[in-house]
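Worksheet: one structure, shown below.
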2 protein chains.
Amino acid sequence: MENRIQRIKETLQGAQYKLTPQREVTVRVLLENERDHLSAEDVFLKVKDKYPEIGLATVYRTLELLSELKVLDKINFGDGVSRYDLRKEGAEHFHHHLVCMECGAVEEIEEDLLGDVEKIVENDYNFKVLDHRLTFHGVCRDCQERSRKK
Amino acid sequence: MENRIQRIKETLQGAQYKLTPQREVTVRVLLENERDHLSAEDVFLKVKDKYPEIGLATVYRTLELLSELKVLDKINFGDGVSRYDLRKEGAEHFHHHLVCMECGAVEEIEEDLLGDVEKIVENDYNFKVLDHRLTFHGVCRDCQERSRKK
DNA sequence: CTCGCTGCAAATTATTTGCATAGAT
DNA sequence: ATCTATGCAAATAATTTGCAGCGAG
């Protein structure tokens, strides 16, 4: 945990930004909720517990900044809000998501499944791939079992 | 063109909805701009040329309705707006996109490249895949050539 | 002292909703 | 007549911005 914060601090400083207390608390909340895909509002509420004076705009500005620095990915599952997802250390690519259409749960896939597909895109379409976003919509294990029981 | 409208009319009627003049004009605009990924506002402005009395809310409602009926897919490229994309006739899945990070161009890939990947997700993650969204971010052919010339 | 960073409030943007009316069957 | 669909305006929701003050170097 501390070393990841340290790494993020260095990323900020490398781009002439400071790790202010507000930014640090925000980063801690993101690290502590790494598996959830928090919206700006979600982050704000959690940050507020630890640092009540913070303003929503600061959280937005921090999330925006961290996205630019590729510490976070800003994602959008189609409900009206942006969500923020920490990149894994050293992850070249964005990870994939499985969104359950029944219960709304979001699972992550770390494994990079797109190696072959990217080659096809690069060769057949002459498109230089720098990143990708892949989301599957369907029914998660739990909901499949639940409907089997009925 | 006319036959696609006819097909969409049947889809609407199959779900107890009518193809009103407003809806028809909206569908025509979508068909005429099939390659472009229009926002609701974009659609509204184009529809207004042909049917000036229409209200923005009607366009939103029509787009929403057509999305529910799977005639359209609502997509989000990360700028703040939703965009709408006609499904190809009989396409089981959403098509893929190549978004150029330099010029912003969006290219489509019809080919379904994810067959194998879906099998892995279904087997290894016990997730029943119903649809997917895949977007590659990178540099399109034109921008690659442009930077080569510099 | 300077300058980036913050909090607050106001502004902006996208989208949705309430409601009275028009239109089709 | 009934009931859906529409246009308009107002409401809501998410995000951004202007600005005065704070705080570290």
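Every chain in the structure tokens takes a letter, A first, then B, and so on in the order presented; its residues are numbered from 1, and the ligands are numbered from 1 following the presented order.
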
Which residues are near Lys50 of chain B? Cut-off 12 Å, only C-alpha atoms (C1' of nucleotides), ignore same chain within fewer than 4 positions. Put them as a PDB file with all heavy atoms, in the first residue's frame.
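Here's the written file selection-v8.pdb:
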```pdb
ATOM      1  N   PRO B  21     -44.308   9.987 -37.747  1.00  0.00           N
ATOM      2  CA  PRO B  21     -43.465  10.776 -38.666  1.00  0.00           C
ATOM      3  C   PRO B  21     -42.159  11.208 -38.003  1.00  0.00           C
ATOM      4  O   PRO B  21     -41.091  11.127 -38.617  1.00  0.00           O
ATOM      5  CB  PRO B  21     -44.341  11.993 -38.973  1.00  0.00           C
ATOM      6  CG  PRO B  21     -45.744  11.537 -38.732  1.00  0.00           C
ATOM      7  CD  PRO B  21     -45.678  10.513 -37.652  1.00  0.00           C
ATOM      8  N   GLN B  22     -42.255  11.618 -36.750  1.00  0.00           N
ATOM      9  CA  GLN B  22     -41.035  12.042 -36.058  1.00  0.00           C
ATOM     10  C   GLN B  22     -40.038  10.893 -35.963  1.00  0.00           C
ATOM     11  O   GLN B  22     -38.835  11.062 -36.181  1.00  0.00           O
ATOM     12  CB  GLN B  22     -41.356  12.534 -34.644  1.00  0.00           C
ATOM     13  CG  GLN B  22     -42.095  13.855 -34.580  1.00  0.00           C
ATOM     14  CD  GLN B  22     -43.603  13.674 -34.568  1.00  0.00           C
ATOM     15  OE1 GLN B  22     -44.139  12.688 -35.086  1.00  0.00           O
ATOM     16  NE2 GLN B  22     -44.308  14.633 -33.988  1.00  0.00           N
ATOM     17  N   ARG B  23     -40.560   9.739 -35.627  1.00  0.00           N
ATOM     18  CA  ARG B  23     -39.659   8.586 -35.496  1.00  0.00           C
ATOM     19  C   ARG B  23     -39.082   8.201 -36.851  1.00  0.00           C
ATOM     20  O   ARG B  23     -37.905   7.838 -36.951  1.00  0.00           O
ATOM     21  CB  ARG B  23     -40.415   7.399 -34.876  1.00  0.00           C
ATOM     22  CG  ARG B  23     -40.659   7.600 -33.393  1.00  0.00           C
ATOM     23  CD  ARG B  23     -41.516   6.501 -32.800  1.00  0.00           C
ATOM     24  NE  ARG B  23     -41.800   6.784 -31.392  1.00  0.00           N
ATOM     25  CZ  ARG B  23     -42.727   6.157 -30.669  1.00  0.00           C
ATOM     26  NH1 ARG B  23     -43.470   5.215 -31.222  1.00  0.00           N
ATOM     27  NH2 ARG B  23     -42.901   6.474 -29.405  1.00  0.00           N
ATOM     28  N   GLU B  24     -39.904   8.314 -37.866  1.00  0.00           N
ATOM     29  CA  GLU B  24     -39.396   7.937 -39.184  1.00  0.00           C
ATOM     30  C   GLU B  24     -38.285   8.873 -39.635  1.00  0.00           C
ATOM     31  O   GLU B  24     -37.258   8.426 -40.148  1.00  0.00           O
ATOM     32  CB  GLU B  24     -40.530   7.926 -40.221  1.00  0.00           C
ATOM     33  CG  GLU B  24     -40.001   7.501 -41.573  1.00  0.00           C
ATOM     34  CD  GLU B  24     -41.092   7.243 -42.610  1.00  0.00           C
ATOM     35  OE1 GLU B  24     -42.262   7.040 -42.225  1.00  0.00           O
ATOM     36  OE2 GLU B  24     -40.759   7.252 -43.805  1.00  0.00           O
ATOM     37  N   VAL B  25     -38.490  10.165 -39.430  1.00  0.00           N
ATOM     38  CA  VAL B  25     -37.442  11.110 -39.815  1.00  0.00           C
ATOM     39  C   VAL B  25     -36.165  10.828 -39.035  1.00  0.00           C
ATOM     40  O   VAL B  25     -35.064  10.843 -39.592  1.00  0.00           O
ATOM     41  CB  VAL B  25     -37.913  12.562 -39.584  1.00  0.00           C
ATOM     42  CG1 VAL B  25     -36.775  13.529 -39.832  1.00  0.00           C
ATOM     43  CG2 VAL B  25     -39.081  12.891 -40.498  1.00  0.00           C
ATOM     44  N   THR B  26     -36.316  10.533 -37.778  1.00  0.00           N
ATOM     45  CA  THR B  26     -35.142  10.236 -36.950  1.00  0.00           C
ATOM     46  C   THR B  26     -34.411   9.003 -37.475  1.00  0.00           C
ATOM     47  O   THR B  26     -33.182   8.999 -37.614  1.00  0.00           O
ATOM     48  CB  THR B  26     -35.573  10.016 -35.487  1.00  0.00           C
ATOM     49  OG1 THR B  26     -36.289  11.161 -35.032  1.00  0.00           O
ATOM     50  CG2 THR B  26     -34.362   9.795 -34.596  1.00  0.00           C
ATOM     51  N   VAL B  27     -35.169   7.980 -37.803  1.00  0.00           N
ATOM     52  CA  VAL B  27     -34.550   6.767 -38.334  1.00  0.00           C
ATOM     53  C   VAL B  27     -33.844   7.058 -39.653  1.00  0.00           C
ATOM     54  O   VAL B  27     -32.732   6.584 -39.899  1.00  0.00           O
ATOM     55  CB  VAL B  27     -35.609   5.663 -38.521  1.00  0.00           C
ATOM     56  CG1 VAL B  27     -35.041   4.510 -39.326  1.00  0.00           C
ATOM     57  CG2 VAL B  27     -36.104   5.162 -37.172  1.00  0.00           C
ATOM     58  N   ARG B  28     -34.477   7.873 -40.485  1.00  0.00           N
ATOM     59  CA  ARG B  28     -33.836   8.207 -41.758  1.00  0.00           C
ATOM     60  C   ARG B  28     -32.507   8.911 -41.543  1.00  0.00           C
ATOM     61  O   ARG B  28     -31.519   8.624 -42.225  1.00  0.00           O
ATOM     62  CB  ARG B  28     -34.757   9.087 -42.614  1.00  0.00           C
ATOM     63  CG  ARG B  28     -35.856   8.299 -43.283  1.00  0.00           C
ATOM     64  CD  ARG B  28     -36.695   9.132 -44.232  1.00  0.00           C
ATOM     65  NE  ARG B  28     -37.852   8.367 -44.637  1.00  0.00           N
ATOM     66  CZ  ARG B  28     -37.836   7.433 -45.595  1.00  0.00           C
ATOM     67  NH1 ARG B  28     -36.727   7.203 -46.266  1.00  0.00           N
ATOM     68  NH2 ARG B  28     -38.927   6.756 -45.879  1.00  0.00           N
ATOM     69  N   VAL B  29     -32.492   9.822 -40.621  1.00  0.00           N
ATOM     70  CA  VAL B  29     -31.239  10.517 -40.335  1.00  0.00           C
ATOM     71  C   VAL B  29     -30.178   9.522 -39.874  1.00  0.00           C
ATOM     72  O   VAL B  29     -29.017   9.584 -40.302  1.00  0.00           O
ATOM     73  CB  VAL B  29     -31.456  11.604 -39.260  1.00  0.00           C
ATOM     74  CG1 VAL B  29     -30.128  12.057 -38.665  1.00  0.00           C
ATOM     75  CG2 VAL B  29     -32.183  12.787 -39.873  1.00  0.00           C
ATOM     76  N   VAL B  43     -28.176  14.325 -33.915  1.00  0.00           N
ATOM     77  CA  VAL B  43     -29.359  13.775 -34.565  1.00  0.00           C
ATOM     78  C   VAL B  43     -30.455  14.831 -34.583  1.00  0.00           C
ATOM     79  O   VAL B  43     -31.097  15.070 -35.613  1.00  0.00           O
ATOM     80  CB  VAL B  43     -29.850  12.510 -33.830  1.00  0.00           C
ATOM     81  CG1 VAL B  43     -31.166  12.023 -34.422  1.00  0.00           C
ATOM     82  CG2 VAL B  43     -28.795  11.412 -33.895  1.00  0.00           C
ATOM     83  N   PHE B  44     -30.648  15.467 -33.456  1.00  0.00           N
ATOM     84  CA  PHE B  44     -31.682  16.497 -33.336  1.00  0.00           C
ATOM     85  C   PHE B  44     -31.517  17.574 -34.403  1.00  0.00           C
ATOM     86  O   PHE B  44     -32.473  17.925 -35.104  1.00  0.00           O
ATOM     87  CB  PHE B  44     -31.613  17.113 -31.944  1.00  0.00           C
ATOM     88  CG  PHE B  44     -32.509  18.295 -31.753  1.00  0.00           C
ATOM     89  CD1 PHE B  44     -33.895  18.178 -31.868  1.00  0.00           C
ATOM     90  CD2 PHE B  44     -31.980  19.535 -31.440  1.00  0.00           C
ATOM     91  CE1 PHE B  44     -34.731  19.267 -31.676  1.00  0.00           C
ATOM     92  CE2 PHE B  44     -32.804  20.636 -31.246  1.00  0.00           C
ATOM     93  CZ  PHE B  44     -34.178  20.503 -31.369  1.00  0.00           C
ATOM     94  N   LEU B  45     -30.305  18.067 -34.569  1.00  0.00           N
ATOM     95  CA  LEU B  45     -30.081  19.138 -35.539  1.00  0.00           C
ATOM     96  C   LEU B  45     -30.378  18.674 -36.960  1.00  0.00           C
ATOM     97  O   LEU B  45     -30.992  19.404 -37.745  1.00  0.00           O
ATOM     98  CB  LEU B  45     -28.643  19.651 -35.434  1.00  0.00           C
ATOM     99  CG  LEU B  45     -28.352  20.393 -34.124  1.00  0.00           C
ATOM    100  CD1 LEU B  45     -26.875  20.735 -34.017  1.00  0.00           C
ATOM    101  CD2 LEU B  45     -29.215  21.661 -34.013  1.00  0.00           C
ATOM    102  N   LYS B  46     -29.972  17.465 -37.272  1.00  0.00           N
ATOM    103  CA  LYS B  46     -30.226  16.951 -38.616  1.00  0.00           C
ATOM    104  C   LYS B  46     -31.713  16.674 -38.836  1.00  0.00           C
ATOM    105  O   LYS B  46     -32.245  16.903 -39.922  1.00  0.00           O
ATOM    106  CB  LYS B  46     -29.418  15.678 -38.868  1.00  0.00           C
ATOM    107  CG  LYS B  46     -27.923  15.965 -39.072  1.00  0.00           C
ATOM    108  CD  LYS B  46     -27.135  14.694 -39.302  1.00  0.00           C
ATOM    109  CE  LYS B  46     -25.637  14.949 -39.303  1.00  0.00           C
ATOM    110  NZ  LYS B  46     -25.191  15.745 -40.469  1.00  0.00           N
ATOM    111  N   ILE B  54     -39.956  19.457 -34.540  1.00  0.00           N
ATOM    112  CA  ILE B  54     -39.628  18.414 -33.559  1.00  0.00           C
ATOM    113  C   ILE B  54     -38.906  18.978 -32.338  1.00  0.00           C
ATOM    114  O   ILE B  54     -38.201  19.983 -32.427  1.00  0.00           O
ATOM    115  CB  ILE B  54     -38.767  17.299 -34.214  1.00  0.00           C
ATOM    116  CG1 ILE B  54     -38.904  16.000 -33.418  1.00  0.00           C
ATOM    117  CG2 ILE B  54     -37.318  17.738 -34.312  1.00  0.00           C
ATOM    118  CD1 ILE B  54     -38.422  14.784 -34.156  1.00  0.00           C
TER     119      ILE B  54
END
```

_Taking 4 positions as the minimum chain separation for residues in the same chain, which residues sit within 7 Å of segment 4-20 of chain C when counting only C-alpha atoms (C1' of nucleotides)? Answer as a PyMOL selection string._
(chain A and resi 55+58) or (chain B and resi 81)

Any chance you could tabulate, as a Markdown table, the residues of segment 93-117 of chain B at most 12 Å from segment 72-79 of chain B with each one's nearest atom pair and distance in Å to one decimal, using only C-alpha atoms, in chain and rising number order?
```
| residue | atom | partner | partner_atom | distance |
| --- | --- | --- | --- | --- |
| B:His93 | CA | B:Asp73 | CA | 10.1 |
| B:Phe94 | CA | B:Asp73 | CA | 7.5 |
| B:His95 | CA | B:Asp73 | CA | 9.6 |
| B:His96 | CA | B:Ile75 | CA | 10.9 |
| B:His97 | CA | B:Phe77 | CA | 9.7 |
| B:Leu98 | CA | B:Phe77 | CA | 10.6 |
| B:Val99 | CA | B:Phe77 | CA | 8.4 |
| B:Cys100 | CA | B:Phe77 | CA | 11.1 |
| B:Met101 | CA | B:Phe77 | CA | 11.1 |
| B:Gly104 | CA | B:Phe77 | CA | 10.1 |
| B:Ala105 | CA | B:Phe77 | CA | 11.3 |
| B:Val106 | CA | B:Phe77 | CA | 9.7 |
```

_Two-atom distance - atom CA of Gln144 of chain B, atom CA of Lys128 of chain A (Å)_ =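 Pair atom CA of Gln144 of chain B / atom CA of Lys128 of chain A returns 8.0 Å.
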
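For Leu19 of chain B, the residues within 12 Å (counting only C-alpha atoms (C1' of nucleotides), excluding itself and residues fewer than 3 positions away along the chain) are Ile5, Gln6, Arg7, Ile8, Lys9, Glu10, Thr11, Leu12, Gln13, Gly14, Ala15, Gln16, Gln22, Arg23, Glu24, Val25, Thr26, Val27, Arg28, Thr62, Leu65 and Leu66 of chain B; DA24 of chain C; DT4 and DA5 of chain D.
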
Contacts of chain B with chain A up to 9 Å, shortest pair per row, only C-alpha atoms, as a tab-separated table:
```
residue	atom	partner	partner_atom	distance
B:Lys74	CA	A:Gly78	CA	8.0
B:Ile75	CA	A:Gly78	CA	7.5
B:Asn76	CA	A:Asn76	CA	7.1
B:Phe77	CA	A:Asn76	CA	8.5
B:Gly78	CA	A:Asn76	CA	7.2
B:Ser82	CA	A:Gly78	CA	8.5
B:Leu98	CA	A:Phe127	CA	7.7
B:Cys100	CA	A:Phe127	CA	8.4
B:Ile109	CA	A:Tyr125	CA	8.8
B:Leu113	CA	A:Val117	CA	6.4
B:Leu114	CA	A:Val117	CA	7.6
B:Val117	CA	A:Leu113	CA	6.4
B:Glu118	CA	A:Phe136	CA	8.5
B:Ile120	CA	A:Leu113	CA	8.6
B:Val121	CA	A:Leu98	CA	8.8
B:Tyr125	CA	A:Arg141	CA	7.9
B:Asn126	CA	A:Arg141	CA	5.4
B:Phe127	CA	A:Cys140	CA	4.8
B:Lys128	CA	A:Val139	CA	5.0
B:Val129	CA	A:Gly138	CA	4.4
B:Leu130	CA	A:Gly138	CA	4.6
B:Asp131	CA	A:His137	CA	5.0
B:His132	CA	A:Phe136	CA	4.2
B:Arg133	CA	A:Thr135	CA	5.2
B:Leu134	CA	A:Leu134	CA	4.4
B:Thr135	CA	A:Arg133	CA	5.2
B:Phe136	CA	A:His132	CA	4.2
B:His137	CA	A:Asp131	CA	5.0
B:Gly138	CA	A:Val129	CA	4.5
B:Val139	CA	A:Lys128	CA	5.0
B:Cys140	CA	A:Phe127	CA	4.8
B:Arg141	CA	A:Asn126	CA	5.4
B:Gln144	CA	A:Lys128	CA	8.0
```

_Please report the interatomic distance between atom CA of Leu30 of chain A and atom CA of Ser67 of chain A in Å with one decimal._
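Atom-to-atom, atom CA of Leu30 of chain A to atom CA of Ser67 of chain A, that is 12.4 Å.
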
_Can you pull out every residue from segment 15-102 of chain A that DSSP, working from the backbone, puts in strand (DSSP E or B), and format the result as number ranges by chain?_
A: 38-39, 72-76, 82-86, 96-100

Could you save the residues just selected, with N, CA and C atoms, as an mmCIF file, in the first residue's frame?
```cif
data_model
loop_
_atom_site.group_PDB
_atom_site.id
_atom_site.type_symbol
_atom_site.label_atom_id
_atom_site.label_comp_id
_atom_site.auth_asym_id
_atom_site.auth_seq_id
_atom_site.Cartn_x
_atom_site.Cartn_y
_atom_site.Cartn_z
ATOM 1 N N LEU A 38 -15.675 2.912 -8.482
ATOM 2 C CA LEU A 38 -16.319 4.039 -7.837
ATOM 3 C C LEU A 38 -16.547 5.196 -8.793
ATOM 4 N N SER A 39 -17.669 5.864 -8.590
ATOM 5 C CA SER A 39 -17.919 7.111 -9.311
ATOM 6 C C SER A 39 -17.260 8.249 -8.542
ATOM 7 N N LEU A 72 -5.067 6.210 -13.284
ATOM 8 C CA LEU A 72 -6.439 5.738 -13.309
ATOM 9 C C LEU A 72 -6.915 5.582 -14.743
ATOM 10 N N ASP A 73 -7.919 4.751 -14.912
ATOM 11 C CA ASP A 73 -8.679 4.765 -16.143
ATOM 12 C C ASP A 73 -10.091 5.227 -15.826
ATOM 13 N N LYS A 74 -10.582 6.078 -16.663
ATOM 14 C CA LYS A 74 -11.947 6.574 -16.525
ATOM 15 C C LYS A 74 -12.821 5.680 -17.392
ATOM 16 N N ILE A 75 -13.791 5.055 -16.786
ATOM 17 C CA ILE A 75 -14.613 4.150 -17.570
ATOM 18 C C ILE A 75 -16.080 4.488 -17.444
ATOM 19 N N ASN A 76 -16.839 3.911 -18.296
ATOM 20 C CA ASN A 76 -18.225 4.281 -18.431
ATOM 21 C C ASN A 76 -19.018 3.045 -18.767
ATOM 22 N N SER A 82 -19.245 8.547 -14.783
ATOM 23 C CA SER A 82 -17.913 8.028 -15.036
ATOM 24 C C SER A 82 -17.420 7.304 -13.791
ATOM 25 N N ARG A 83 -16.732 6.254 -14.000
ATOM 26 C CA ARG A 83 -16.155 5.507 -12.898
ATOM 27 C C ARG A 83 -14.662 5.463 -13.094
ATOM 28 N N TYR A 84 -13.961 5.228 -11.988
ATOM 29 C CA TYR A 84 -12.506 5.305 -12.051
ATOM 30 C C TYR A 84 -11.902 4.015 -11.546
ATOM 31 N N ASP A 85 -10.908 3.574 -12.250
ATOM 32 C CA ASP A 85 -10.348 2.263 -12.017
ATOM 33 C C ASP A 85 -8.836 2.384 -12.013
ATOM 34 N N LEU A 86 -8.212 1.974 -10.930
ATOM 35 C CA LEU A 86 -6.758 2.023 -10.851
ATOM 36 C C LEU A 86 -6.143 1.084 -11.874
ATOM 37 N N HIS A 96 -10.060 -5.978 -18.566
ATOM 38 C CA HIS A 96 -11.401 -6.179 -19.121
ATOM 39 C C HIS A 96 -12.442 -6.280 -18.021
ATOM 40 N N HIS A 97 -13.681 -6.126 -18.402
ATOM 41 C CA HIS A 97 -14.762 -6.199 -17.425
ATOM 42 C C HIS A 97 -15.873 -7.123 -17.879
ATOM 43 N N LEU A 98 -16.462 -7.778 -16.901
ATOM 44 C CA LEU A 98 -17.663 -8.577 -17.131
ATOM 45 C C LEU A 98 -18.788 -7.915 -16.356
ATOM 46 N N VAL A 99 -19.751 -7.369 -17.052
ATOM 47 C CA VAL A 99 -20.849 -6.676 -16.387
ATOM 48 C C VAL A 99 -22.090 -7.558 -16.425
ATOM 49 N N CYS A 100 -22.622 -7.866 -15.254
ATOM 50 C CA CYS A 100 -23.822 -8.700 -15.198
ATOM 51 C C CYS A 100 -25.058 -7.847 -15.445
#
```

*Looking only at the backbone, which of the residues in chain B does DSSP tag as helix (DSSP H, G or I), as a PyMOL selection string?*
chain B and resi 2-14+21-32+40-50+56-68+115-125+141-149

*Neighbours of DT21 of chain C within 12 Å (only C-alpha atoms (C1' of nucleotides); same-chain residues fewer than 4 positions away dropped), as a ChimeraX atom specification?*
/D:5-8

Residues from last step as file, all heavy atoms, as a PDB file, in the first residue's frame:
```pdb
ATOM      1  P    DA D   5     -46.496   5.222 -28.315  1.00  0.00           P
ATOM      2  OP1  DA D   5     -45.980   4.436 -29.449  1.00  0.00           O
ATOM      3  OP2  DA D   5     -45.906   5.123 -26.971  1.00  0.00           O
ATOM      4  O5'  DA D   5     -46.490   6.752 -28.748  1.00  0.00           O
ATOM      5  C5'  DA D   5     -47.074   7.096 -29.993  1.00  0.00           C
ATOM      6  C4'  DA D   5     -46.796   8.556 -30.251  1.00  0.00           C
ATOM      7  O4'  DA D   5     -47.635   9.361 -29.380  1.00  0.00           O
ATOM      8  C3'  DA D   5     -45.354   8.990 -29.969  1.00  0.00           C
ATOM      9  O3'  DA D   5     -44.960   9.833 -31.037  1.00  0.00           O
ATOM     10  C2'  DA D   5     -45.428   9.720 -28.632  1.00  0.00           C
ATOM     11  C1'  DA D   5     -46.833  10.315 -28.699  1.00  0.00           C
ATOM     12  N9   DA D   5     -47.487  10.557 -27.415  1.00  0.00           N
ATOM     13  C8   DA D   5     -47.518   9.739 -26.307  1.00  0.00           C
ATOM     14  N7   DA D   5     -48.223  10.232 -25.303  1.00  0.00           N
ATOM     15  C5   DA D   5     -48.680  11.454 -25.788  1.00  0.00           C
ATOM     16  C6   DA D   5     -49.484  12.461 -25.218  1.00  0.00           C
ATOM     17  N6   DA D   5     -49.988  12.395 -23.992  1.00  0.00           N
ATOM     18  N1   DA D   5     -49.755  13.559 -25.977  1.00  0.00           N
ATOM     19  C2   DA D   5     -49.255  13.614 -27.220  1.00  0.00           C
ATOM     20  N3   DA D   5     -48.489  12.729 -27.869  1.00  0.00           N
ATOM     21  C4   DA D   5     -48.235  11.664 -27.088  1.00  0.00           C
ATOM     22  P    DT D   6     -43.595  10.557 -31.045  1.00  0.00           P
ATOM     23  OP1  DT D   6     -43.142  10.568 -32.448  1.00  0.00           O
ATOM     24  OP2  DT D   6     -42.750  10.020 -29.965  1.00  0.00           O
ATOM     25  O5'  DT D   6     -44.042  12.036 -30.657  1.00  0.00           O
ATOM     26  C5'  DT D   6     -44.942  12.724 -31.517  1.00  0.00           C
ATOM     27  C4'  DT D   6     -45.159  14.126 -31.004  1.00  0.00           C
ATOM     28  O4'  DT D   6     -45.841  14.051 -29.733  1.00  0.00           O
ATOM     29  C3'  DT D   6     -43.874  14.914 -30.759  1.00  0.00           C
ATOM     30  O3'  DT D   6     -43.919  16.098 -31.547  1.00  0.00           O
ATOM     31  C2'  DT D   6     -43.883  15.220 -29.270  1.00  0.00           C
ATOM     32  C1'  DT D   6     -45.338  15.060 -28.891  1.00  0.00           C
ATOM     33  N1   DT D   6     -45.613  14.593 -27.511  1.00  0.00           N
ATOM     34  C2   DT D   6     -46.458  15.327 -26.724  1.00  0.00           C
ATOM     35  O2   DT D   6     -46.991  16.355 -27.100  1.00  0.00           O
ATOM     36  N3   DT D   6     -46.664  14.818 -25.472  1.00  0.00           N
ATOM     37  C4   DT D   6     -46.120  13.664 -24.937  1.00  0.00           C
ATOM     38  O4   DT D   6     -46.386  13.309 -23.788  1.00  0.00           O
ATOM     39  C5   DT D   6     -45.226  12.932 -25.816  1.00  0.00           C
ATOM     40  C7   DT D   6     -44.576  11.667 -25.342  1.00  0.00           C
ATOM     41  C6   DT D   6     -45.019  13.424 -27.045  1.00  0.00           C
ATOM     42  P    DG D   7     -42.637  16.913 -31.799  1.00  0.00           P
ATOM     43  OP1  DG D   7     -42.630  17.329 -33.213  1.00  0.00           O
ATOM     44  OP2  DG D   7     -41.494  16.188 -31.237  1.00  0.00           O
ATOM     45  O5'  DG D   7     -42.907  18.196 -30.890  1.00  0.00           O
ATOM     46  C5'  DG D   7     -44.029  19.013 -31.151  1.00  0.00           C
ATOM     47  C4'  DG D   7     -44.102  20.095 -30.083  1.00  0.00           C
ATOM     48  O4'  DG D   7     -44.475  19.473 -28.828  1.00  0.00           O
ATOM     49  C3'  DG D   7     -42.778  20.823 -29.835  1.00  0.00           C
ATOM     50  O3'  DG D   7     -43.059  22.225 -29.759  1.00  0.00           O
ATOM     51  C2'  DG D   7     -42.286  20.262 -28.503  1.00  0.00           C
ATOM     52  C1'  DG D   7     -43.565  19.846 -27.803  1.00  0.00           C
ATOM     53  N9   DG D   7     -43.451  18.684 -26.916  1.00  0.00           N
ATOM     54  C8   DG D   7     -42.703  17.552 -27.133  1.00  0.00           C
ATOM     55  N7   DG D   7     -42.824  16.659 -26.179  1.00  0.00           N
ATOM     56  C5   DG D   7     -43.711  17.243 -25.281  1.00  0.00           C
ATOM     57  C6   DG D   7     -44.220  16.744 -24.049  1.00  0.00           C
ATOM     58  O6   DG D   7     -43.989  15.671 -23.499  1.00  0.00           O
ATOM     59  N1   DG D   7     -45.097  17.653 -23.451  1.00  0.00           N
ATOM     60  C2   DG D   7     -45.433  18.872 -23.971  1.00  0.00           C
ATOM     61  N2   DG D   7     -46.274  19.596 -23.269  1.00  0.00           N
ATOM     62  N3   DG D   7     -44.964  19.350 -25.131  1.00  0.00           N
ATOM     63  C4   DG D   7     -44.110  18.487 -25.719  1.00  0.00           C
ATOM     64  P    DC D   8     -41.917  23.284 -29.773  1.00  0.00           P
ATOM     65  OP1  DC D   8     -42.364  24.350 -30.689  1.00  0.00           O
ATOM     66  OP2  DC D   8     -40.618  22.608 -29.972  1.00  0.00           O
ATOM     67  O5'  DC D   8     -41.957  23.870 -28.287  1.00  0.00           O
ATOM     68  C5'  DC D   8     -43.212  24.189 -27.697  1.00  0.00           C
ATOM     69  C4'  DC D   8     -43.062  24.227 -26.192  1.00  0.00           C
ATOM     70  O4'  DC D   8     -43.083  22.884 -25.653  1.00  0.00           O
ATOM     71  C3'  DC D   8     -41.745  24.854 -25.719  1.00  0.00           C
ATOM     72  O3'  DC D   8     -42.043  26.033 -24.986  1.00  0.00           O
ATOM     73  C2'  DC D   8     -41.095  23.783 -24.845  1.00  0.00           C
ATOM     74  C1'  DC D   8     -42.279  22.874 -24.505  1.00  0.00           C
ATOM     75  N1   DC D   8     -41.895  21.467 -24.218  1.00  0.00           N
ATOM     76  C2   DC D   8     -42.501  20.804 -23.154  1.00  0.00           C
ATOM     77  O2   DC D   8     -43.338  21.415 -22.477  1.00  0.00           O
ATOM     78  N3   DC D   8     -42.162  19.518 -22.898  1.00  0.00           N
ATOM     79  C4   DC D   8     -41.245  18.894 -23.653  1.00  0.00           C
ATOM     80  N4   DC D   8     -40.955  17.637 -23.349  1.00  0.00           N
ATOM     81  C5   DC D   8     -40.610  19.559 -24.744  1.00  0.00           C
ATOM     82  C6   DC D   8     -40.959  20.831 -24.994  1.00  0.00           C
TER      83       DC D   8
END
```

*Point out the residue among A:Cys103, A:Met1, A:Val47, A:Ala57 with the least atom-to-atom distance to chain D, counting only C-alpha atoms (C1' of nucleotides).*
A:Ala57
